[in-house]
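Peer 1: Data: work-v5.csv, CSV, C-alpha atoms and all ligand atoms.
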```
chain,number,residue,atom,x,y,z
A,1,MET,CA,0.0,0.0,0.0
A,2,THR,CA,1.6,3.3,-1.0
A,3,THR,CA,0.9,6.3,1.3
A,4,ASP,CA,0.9,9.9,0.5
A,5,THR,CA,0.9,12.0,3.7
A,6,THR,CA,-0.4,15.1,1.9
A,7,THR,CA,-3.7,13.4,1.2
A,8,SER,CA,-4.0,11.4,4.4
A,9,ASN,CA,-7.2,13.1,5.4
A,10,SER,CA,-9.1,12.9,2.2
A,11,LEU,CA,-10.8,10.7,-0.4
A,12,GLN,CA,-9.3,11.6,-3.8
A,13,ALA,CA,-9.7,10.8,-7.4
A,14,ARG,CA,-7.0,11.9,-9.8
A,15,ASP,CA,-7.3,12.1,-13.6
A,16,ILE,CA,-9.9,9.3,-13.8
A,17,HIS,CA,-10.7,7.8,-17.3
A,18,VAL,CA,-13.6,5.5,-17.7
A,19,THR,CA,-14.8,3.8,-20.9
A,20,LEU,CA,-18.0,1.8,-20.9
A,21,ASN,CA,-19.3,-0.2,-23.9
A,22,ASP,CA,-16.8,1.7,-26.1
A,23,ARG,CA,-18.0,5.1,-24.9
A,24,LYS,CA,-15.6,7.3,-23.2
A,25,ILE,CA,-17.6,8.4,-20.1
A,26,LEU,CA,-14.9,10.1,-17.9
A,27,ASN,CA,-12.0,12.0,-19.5
A,28,GLY,CA,-9.5,12.8,-16.8
A,29,ALA,CA,-11.9,13.7,-13.9
A,30,SER,CA,-10.4,14.6,-10.5
A,31,LEU,CA,-12.1,15.2,-7.2
A,32,ASN,CA,-11.0,15.8,-3.6
A,33,VAL,CA,-13.2,15.1,-0.5
A,34,PRO,CA,-11.4,16.3,2.6
A,35,LYS,CA,-12.6,15.2,6.1
A,36,GLY,CA,-14.7,18.0,7.6
A,37,LYS,CA,-16.1,19.2,4.3
A,38,LEU,CA,-19.4,18.8,2.4
A,39,VAL,CA,-18.6,18.6,-1.3
A,40,GLY,CA,-21.3,18.9,-3.9
A,41,LEU,CA,-20.9,17.2,-7.3
A,42,ILE,CA,-23.1,18.9,-9.8
A,43,GLY,CA,-23.6,19.0,-13.5
A,44,PRO,CA,-26.2,18.3,-16.2
A,45,ASN,CA,-27.8,15.0,-16.9
A,46,GLY,CA,-25.4,12.5,-18.3
A,47,ALA,CA,-22.3,14.5,-17.4
A,48,GLY,CA,-20.7,11.6,-15.6
A,49,LYS,CA,-21.4,12.3,-11.9
A,50,SER,CA,-22.6,8.9,-10.9
A,51,THR,CA,-19.9,7.2,-12.9
A,52,LEU,CA,-17.2,9.3,-11.1
A,53,LEU,CA,-18.8,8.4,-7.8
A,54,LYS,CA,-18.9,4.7,-8.6
A,55,ALA,CA,-15.3,4.9,-9.8
A,56,ILE,CA,-14.3,6.5,-6.5
A,57,LEU,CA,-16.0,3.7,-4.6
A,58,GLY,CA,-14.3,1.1,-6.7
A,59,LEU,CA,-17.7,0.0,-8.1
A,60,THR,CA,-16.7,0.9,-11.7
A,61,ASP,CA,-13.4,0.0,-13.2
A,62,HIS,CA,-11.3,2.9,-14.4
A,63,GLN,CA,-8.8,2.6,-17.2
A,64,ALA,CA,-6.5,5.3,-16.0
A,65,GLY,CA,-6.0,7.5,-13.0
A,66,GLU,CA,-5.7,6.9,-9.2
A,67,ILE,CA,-8.1,6.8,-6.3
A,68,THR,CA,-6.7,7.3,-2.8
A,69,LEU,CA,-8.3,6.8,0.6
A,70,ASN,CA,-6.5,8.6,3.4
A,71,GLY,CA,-3.4,8.8,1.2
A,72,ALA,CA,-3.3,5.1,0.3
A,73,THR,CA,-4.4,3.7,-3.1
A,74,LEU,CA,-7.9,2.2,-2.9
A,75,ASP,CA,-6.8,-1.2,-4.1
A,76,GLY,CA,-4.6,-1.5,-1.1
A,77,TRP,CA,-7.5,-1.6,1.3
A,78,SER,CA,-9.5,-4.8,2.0
A,79,LEU,CA,-13.2,-4.6,1.1
A,80,LYS,CA,-14.1,-4.7,4.8
A,81,GLU,CA,-11.7,-1.9,5.7
A,82,ARG,CA,-12.9,0.1,2.7
A,83,ALA,CA,-16.6,-0.4,3.8
A,84,LYS,CA,-15.7,0.8,7.3
A,85,ARG,CA,-14.3,4.0,5.9
A,86,VAL,CA,-16.5,4.8,3.0
A,87,SER,CA,-20.3,4.4,2.9
A,88,TYR,CA,-22.5,4.9,-0.1
A,89,ALA,CA,-26.2,5.7,-0.8
A,90,ALA,CA,-27.0,4.8,-4.4
A,91,GLN,CA,-29.1,6.9,-6.7
A,92,GLY,CA,-32.9,6.2,-6.4
A,93,ALA,CA,-32.4,4.4,-3.1
A,94,PRO,CA,-32.9,1.0,-4.6
A,95,VAL,CA,-34.0,-1.8,-2.3
A,96,HIS,CA,-34.0,-5.4,-3.5
A,97,TRP,CA,-35.0,-7.3,-0.4
A,98,PRO,CA,-38.4,-7.3,1.4
A,99,LEU,CA,-36.8,-6.6,4.8
A,100,ASP,CA,-38.2,-4.3,7.4
A,101,VAL,CA,-36.7,-0.8,7.8
A,102,GLU,CA,-34.8,-1.6,11.0
A,103,HIS,CA,-33.1,-4.6,9.5
A,104,ILE,CA,-32.2,-2.6,6.3
A,105,ILE,CA,-30.7,0.1,8.4
A,106,ALA,CA,-28.8,-2.4,10.5
A,107,LEU,CA,-27.1,-3.7,7.4
A,108,GLY,CA,-25.0,-0.5,7.6
A,109,ARG,CA,-23.3,-1.9,10.7
A,110,ILE,CA,-22.0,-5.1,8.9
A,111,PRO,CA,-18.5,-3.7,8.3
A,112,HIS,CA,-18.1,-3.4,12.0
A,113,LEU,CA,-19.1,-7.0,12.8
A,114,ASP,CA,-17.2,-10.2,12.7
A,115,PRO,CA,-18.6,-13.1,10.5
A,116,TRP,CA,-21.8,-14.5,12.3
A,117,GLN,CA,-21.5,-11.9,15.1
A,118,LYS,CA,-24.9,-10.5,16.1
A,119,ILE,CA,-25.5,-6.8,16.5
A,120,THR,CA,-24.9,-5.5,20.1
A,121,ALA,CA,-26.8,-3.2,22.3
A,122,ALA,CA,-24.4,-0.4,21.2
A,123,ASP,CA,-25.2,-1.1,17.6
A,124,ARG,CA,-28.9,-1.0,18.4
A,125,GLU,CA,-28.5,2.4,20.0
A,126,ILE,CA,-26.6,3.7,16.9
A,127,ILE,CA,-29.4,2.4,14.7
A,128,HIS,CA,-32.1,4.0,16.9
A,129,GLN,CA,-30.3,7.3,16.9
A,130,ALA,CA,-30.0,7.3,13.1
A,131,MET,CA,-33.8,6.6,12.8
A,132,VAL,CA,-34.5,9.6,15.1
A,133,THR,CA,-32.1,11.8,13.1
A,134,THR,CA,-33.6,10.9,9.8
A,135,ASP,CA,-37.2,10.9,10.9
A,136,THR,CA,-37.7,7.2,10.1
A,137,LEU,CA,-38.5,5.8,13.6
A,138,HIS,CA,-42.2,5.6,12.7
A,139,LEU,CA,-41.3,3.4,9.7
A,140,LYS,CA,-39.1,0.9,11.6
A,141,ASP,CA,-41.4,-2.2,11.3
A,142,ARG,CA,-42.5,-1.4,7.7
A,143,LEU,CA,-41.3,-3.5,4.8
A,144,THR,CA,-38.8,-1.3,2.9
A,145,THR,CA,-40.3,-2.4,-0.4
A,146,THR,CA,-43.6,-0.8,0.5
A,147,LEU,CA,-42.2,2.7,1.3
A,148,SER,CA,-42.6,5.8,-0.9
A,149,GLY,CA,-39.6,7.0,-2.8
A,150,GLY,CA,-39.0,9.8,-0.2
A,151,GLU,CA,-39.4,7.5,2.8
A,152,ARG,CA,-37.0,5.0,1.2
A,153,ALA,CA,-34.4,7.8,0.6
A,154,CYS,CA,-34.5,8.7,4.3
A,155,VAL,CA,-34.1,5.0,5.3
A,156,MET,CA,-31.1,4.6,3.0
A,157,LEU,CA,-29.5,7.7,4.5
A,158,ALA,CA,-30.0,6.2,7.9
A,159,ARG,CA,-28.3,3.1,6.7
A,160,THR,CA,-25.4,5.2,5.4
A,161,ILE,CA,-25.1,7.1,8.8
A,162,VAL,CA,-25.0,4.0,11.0
A,163,SER,CA,-21.9,2.8,9.2
A,164,GLN,CA,-20.1,5.8,10.9
A,165,ALA,CA,-17.8,5.8,8.0
A,166,GLU,CA,-15.1,8.5,7.7
A,167,TYR,CA,-16.5,9.4,4.2
A,168,LEU,CA,-20.1,9.4,3.2
A,169,CYS,CA,-21.1,9.4,-0.5
A,170,ALA,CA,-24.7,9.9,-1.6
A,171,ASP,CA,-26.0,10.0,-5.2
A,172,GLU,CA,-28.9,12.5,-5.3
A,173,PRO,CA,-30.0,11.9,-1.7
A,174,ILE,CA,-32.6,14.7,-1.8
A,175,ALA,CA,-34.0,14.1,-5.3
A,176,SER,CA,-37.3,12.5,-4.2
A,177,LEU,CA,-37.8,14.5,-1.0
A,178,ASP,CA,-40.3,17.3,-0.1
A,179,PRO,CA,-38.8,20.7,0.8
A,180,TYR,CA,-38.9,19.9,4.6
A,181,HIS,CA,-37.0,16.6,4.2
A,182,GLN,CA,-34.6,18.1,1.6
A,183,LEU,CA,-33.6,20.7,4.2
A,184,GLN,CA,-33.5,18.1,6.9
A,185,VAL,CA,-31.2,15.8,4.9
A,186,MET,CA,-28.9,18.7,3.9
A,187,ASP,CA,-28.7,19.7,7.6
A,188,ILE,CA,-27.8,16.2,8.5
A,189,LEU,CA,-25.1,16.0,5.9
A,190,HIS,CA,-23.8,19.4,6.8
A,191,ASP,CA,-23.7,18.4,10.5
A,192,LEU,CA,-21.8,15.2,9.6
A,193,SER,CA,-19.2,17.2,7.8
A,194,ARG,CA,-18.8,19.4,10.8
A,195,ALA,CA,-18.4,16.4,13.0
A,196,GLY,CA,-15.3,15.5,10.9
A,197,HIS,CA,-16.7,13.3,8.1
A,198,GLY,CA,-15.9,13.9,4.5
A,199,VAL,CA,-19.2,14.1,2.7
A,200,LEU,CA,-19.7,13.9,-1.1
A,201,ILE,CA,-23.1,14.3,-2.6
A,202,VAL,CA,-24.4,14.4,-6.1
A,203,LEU,CA,-27.2,17.0,-6.5
A,204,HIS,CA,-29.2,19.0,-9.0
A,205,ASP,CA,-30.6,21.6,-6.7
A,206,LEU,CA,-28.2,24.6,-7.3
A,207,THR,CA,-29.9,26.7,-4.6
A,208,LEU,CA,-29.2,24.1,-1.9
A,209,ALA,CA,-25.8,23.3,-3.4
A,210,GLN,CA,-24.9,27.0,-3.0
A,211,ARG,CA,-26.3,27.3,0.5
A,212,TYR,CA,-24.8,24.1,2.0
A,213,CYS,CA,-21.7,22.9,0.2
A,214,ASP,CA,-18.2,24.0,1.1
A,215,ASP,CA,-16.9,23.0,-2.3
A,216,LEU,CA,-18.6,22.4,-5.6
A,217,VAL,CA,-17.3,20.3,-8.5
A,218,LEU,CA,-19.0,21.0,-11.8
A,219,MET,CA,-18.9,18.3,-14.3
A,220,HIS,CA,-19.7,18.5,-18.0
A,221,ASP,CA,-19.3,15.9,-20.7
A,222,GLY,CA,-17.1,13.6,-18.6
A,223,GLU,CA,-14.7,16.4,-17.5
A,224,ILE,CA,-14.5,18.8,-14.5
A,225,MET,CA,-15.5,22.2,-15.8
A,226,ALA,CA,-14.9,24.0,-12.5
A,227,HIS,CA,-14.3,23.4,-8.8
A,228,GLY,CA,-14.1,25.6,-5.7
A,229,THR,CA,-16.5,27.7,-3.8
A,230,ALA,CA,-20.0,28.2,-5.0
A,231,GLU,CA,-19.2,31.8,-5.9
A,232,ASN,CA,-16.4,30.7,-8.2
A,233,VAL,CA,-18.2,27.7,-9.7
A,234,LEU,CA,-21.8,29.0,-10.1
A,235,THR,CA,-20.8,31.8,-12.4
A,236,GLU,CA,-23.1,33.1,-15.2
A,237,GLU,CA,-20.7,31.7,-17.8
A,238,ASN,CA,-20.4,28.3,-16.2
A,239,LEU,CA,-24.2,27.9,-15.8
A,240,ASP,CA,-24.7,28.9,-19.4
A,241,ARG,CA,-22.0,26.6,-20.7
A,242,ALA,CA,-22.8,23.5,-18.6
A,243,TYR,CA,-26.6,23.8,-18.1
A,244,HIS,CA,-27.7,26.3,-20.7
A,245,ILE,CA,-29.6,28.3,-18.0
A,246,GLN,CA,-29.5,31.7,-16.4
A,247,ALA,CA,-30.0,32.2,-12.7
A,248,SER,CA,-31.6,34.9,-10.6
A,249,ARG,CA,-29.4,36.0,-7.7
A,250,TRP,CA,-29.8,38.2,-4.7
A,251,HIS,CA,-28.3,39.0,-1.3
A,252,GLU,CA,-30.2,39.3,1.9
A,253,ASN,CA,-28.9,39.6,5.5
A,254,GLY,CA,-25.4,38.6,4.3
A,255,ASP,CA,-26.7,35.4,2.6
A,256,HIS,CA,-26.4,34.8,-1.2
A,257,PHE,CA,-29.3,33.2,-3.0
A,258,LEU,CA,-29.4,31.7,-6.5
A,259,VAL,CA,-32.4,30.3,-8.3
A,260,PRO,CA,-32.3,28.8,-11.8
A,261,TRP,CA,-34.6,31.1,-13.7
A,262,LYS,CA,-34.6,30.6,-17.5
A,263,ARG,CA,-33.1,28.5,-20.3
A,264,SER,CA,-30.4,30.2,-22.3
A,265,GLY,CA,-30.0,27.6,-25.0
A,266,THR,CA,-30.4,24.0,-25.9
A,267,PRO,CA,-28.2,21.1,-24.7
A,268,ARG,CA,-26.2,19.3,-27.5
A,269,HIS,CA,-26.4,15.5,-27.2
A,270,LYS,CA,-23.2,14.7,-28.9
A,271,GLY,CA,-21.4,11.4,-28.8
A,272,ARG,CA,-18.9,11.5,-26.0
A,273,HIS,CA,-15.2,11.8,-27.0
A,274,GLU,CA,-15.7,9.7,-30.0
A,301,LIG,N1,-22.8,1.0,-19.1
A,301,LIG,C1,-22.8,2.1,-19.8
A,301,LIG,N2,-22.6,2.0,-21.2
A,301,LIG,C2,-22.6,3.1,-22.0
A,301,LIG,N3,-22.9,4.3,-21.5
A,301,LIG,C3,-23.1,4.4,-20.2
A,301,LIG,C4,-23.1,3.4,-19.3
A,301,LIG,N4,-23.4,3.8,-18.1
A,301,LIG,C5,-23.6,5.2,-18.2
A,301,LIG,N5,-23.4,5.5,-19.5
A,301,LIG,C6,-23.5,6.9,-20.0
A,301,LIG,O1,-22.5,7.7,-19.4
A,301,LIG,C7,-23.0,9.0,-19.3
A,301,LIG,C8,-22.8,9.5,-17.8
A,301,LIG,O2,-23.7,8.7,-17.0
A,301,LIG,P1,-23.9,9.1,-15.5
A,301,LIG,O3,-24.9,8.2,-14.9
A,301,LIG,O4,-22.5,9.0,-14.8
A,301,LIG,O5,-24.3,10.6,-15.6
A,301,LIG,P2,-24.9,11.6,-14.4
A,301,LIG,O6,-24.1,12.8,-14.5
A,301,LIG,O7,-24.9,10.9,-13.1
A,301,LIG,O8,-26.4,11.9,-15.0
A,301,LIG,P3,-27.8,12.1,-14.2
A,301,LIG,O9,-27.7,13.5,-13.6
A,301,LIG,O10,-28.7,12.0,-15.4
A,301,LIG,O11,-28.0,11.0,-13.2
A,301,LIG,C9,-24.4,9.0,-19.8
A,301,LIG,O12,-24.5,9.5,-21.1
A,301,LIG,C10,-24.8,7.6,-19.7
A,301,LIG,O13,-25.8,7.3,-20.7
```
Write the structure described by the file as structure tokens, please.
Ligand SMILES: Nc1ncnc2c1ncn2[C@@H]1O[C@H](COP(=O)(O)OP(=O)(O)OP(=O)(O)O)[C@@H](O)[C@H]1O

Peer 2:
Amino acid sequence: MTTDTTTSNSLQARDIHVTLNDRKILNGASLNVPKGKLVGLIGPNGAGKSTLLKAILGLTDHQAGEITLNGATLDGWSLKERAKRVSYAAQGAPVHWPLDVEHIIALGRIPHLDPWQKITAADREIIHQAMVTTDTLHLKDRLTTTLSGGERACVMLARTIVSQAEYLCADEPIASLDPYHQLQVMDILHDLSRAGHGVLIVLHDLTLAQRYCDDLVLMHDGEIMAHGTAENVLTEENLDRAYHIQASRWHENGDHFLVPWKRSGTPRHKGRHE
């Protein structure tokens, strides 16, 4: 395992290239998720956000580039050690097993258990607290397959939280939520970053991205178009080039607000890097 002390407190992807079914999907994408920060990965549909997230998690093979976890290459970590350190909530919160909510959330504790070891009272307390935090306690005996999309998203966030991983990655965790629960989930993720976790989320809501994220990474066509603070990333020019939109902006009581307001062009659906 090679270790780089300068990156020992972050999850990093450097110059990642991914080709799937002869299509070049990522063309040298890089990303840094330091502990203590909430990083938002944004970009238009099909930009490559989920693919980059999966590459970082080792769920998609990359043909070139390097992923490091706390300064050591991802391949050097055993799957169990990786799972202890990085947790993942997939896009759409898919659930394939008809298990009740409490059991689905408890699966997030597996990396901490030995084979055949039962969950302990301490694990149960962590699971209970996660259900309180995510407002899912009332669902605990329901079959997860019977939940609404928004309820399922909150349950999958709880499962991610109970892992107590150093890094949490979530693909569109607020996509199916009502405004109250969107704010609740963003508050939870923000609080987790302030408690020392590195948090990476894919999101389309630019207003909440600007409000909550410490760093934004803007993807377009398999590449990183811009990264940095919301002020530097969500510029008029970048919004026009990446999304073909214009935003309305205003300041109030020291806060900055941005709301996507109108289209400024038509996206081109060109073949990627062919
Ligand atoms: N297995 C695959 N084979 C070929 N193309 C793929 C494959 N998986 C994804 N793609 C393509 O790669 C591109 C990036 O997909 P990805 O899911 O990473 O985008 P995204 O930025 O997460 O999009 P969205 O915001 O719509 O979820 C898309 O054009 C998609 O159609």

Peer 1: Kindly provide, as a ChimeraX atom specification, all nucleotide and amino acid residues lying within 9 Å of ligand LIG 301 (chain A), counting only C-alpha atoms and all ligand atoms.

Peer 2: /A:19-26,42-54,91,171-172,202-204,219-222,269,271-272

Peer 1: Would you mind reading off the distance between atom CA of Cys213 of chain A and atom CA of Val39 of chain A, one decimal, in Å?

Peer 2: 5.5 Å

Peer 1: Report, in Å with one decimal, the straight-line distance from atom CA of Gly28 of chain A to atom CA of Gly58 of chain A.

Peer 2: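 Atom CA of Gly58 of chain A lies 16.2 Å from atom CA of Gly28 of chain A.
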
Peer 1: Please determine, counting all atoms listed in the file, which residue among A:Val217, A:Val199, A:Ile245, A:Val33 has the shortest atom-to-atom distance to Asn232 of chain A.

Peer 2: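 Comparing A:Val217, A:Val199, A:Ile245, A:Val33 against Asn232 of chain A, the winner is A:Val217.
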
Peer 1: Please provide as number ranges by chain all residues within 10 Å of Gln129 of chain A, with the sequence filter that same-chain residues fewer than 5 positions apart are discarded (counting only C-alpha atoms).

Peer 2: A: 123-124, 134-135, 137, 158, 161-162

Peer 1: In Å, rounded to a single decimal, give me how far atom CA of Thr160 of chain A is from atom CA of Thr68 of chain A.

Peer 2: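 Here the two named atoms are 20.5 Å from each other.
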
Peer 1: With only C-alpha atoms as the basis for distance, which of A:Glu151, A:Glu125, A:Glu102, A:Glu166 is at the shortest distance from Arg85 of chain A?

Peer 2: A:Glu166

Peer 1: I need the residue nearest Gly108 of chain A from this list: A:Asn253, A:Ser30, A:Lys84, A:Arg14. Use only C-alpha atoms for the distance.

Peer 2: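 The answer is A:Lys84, which sits nearest to Gly108 of chain A.
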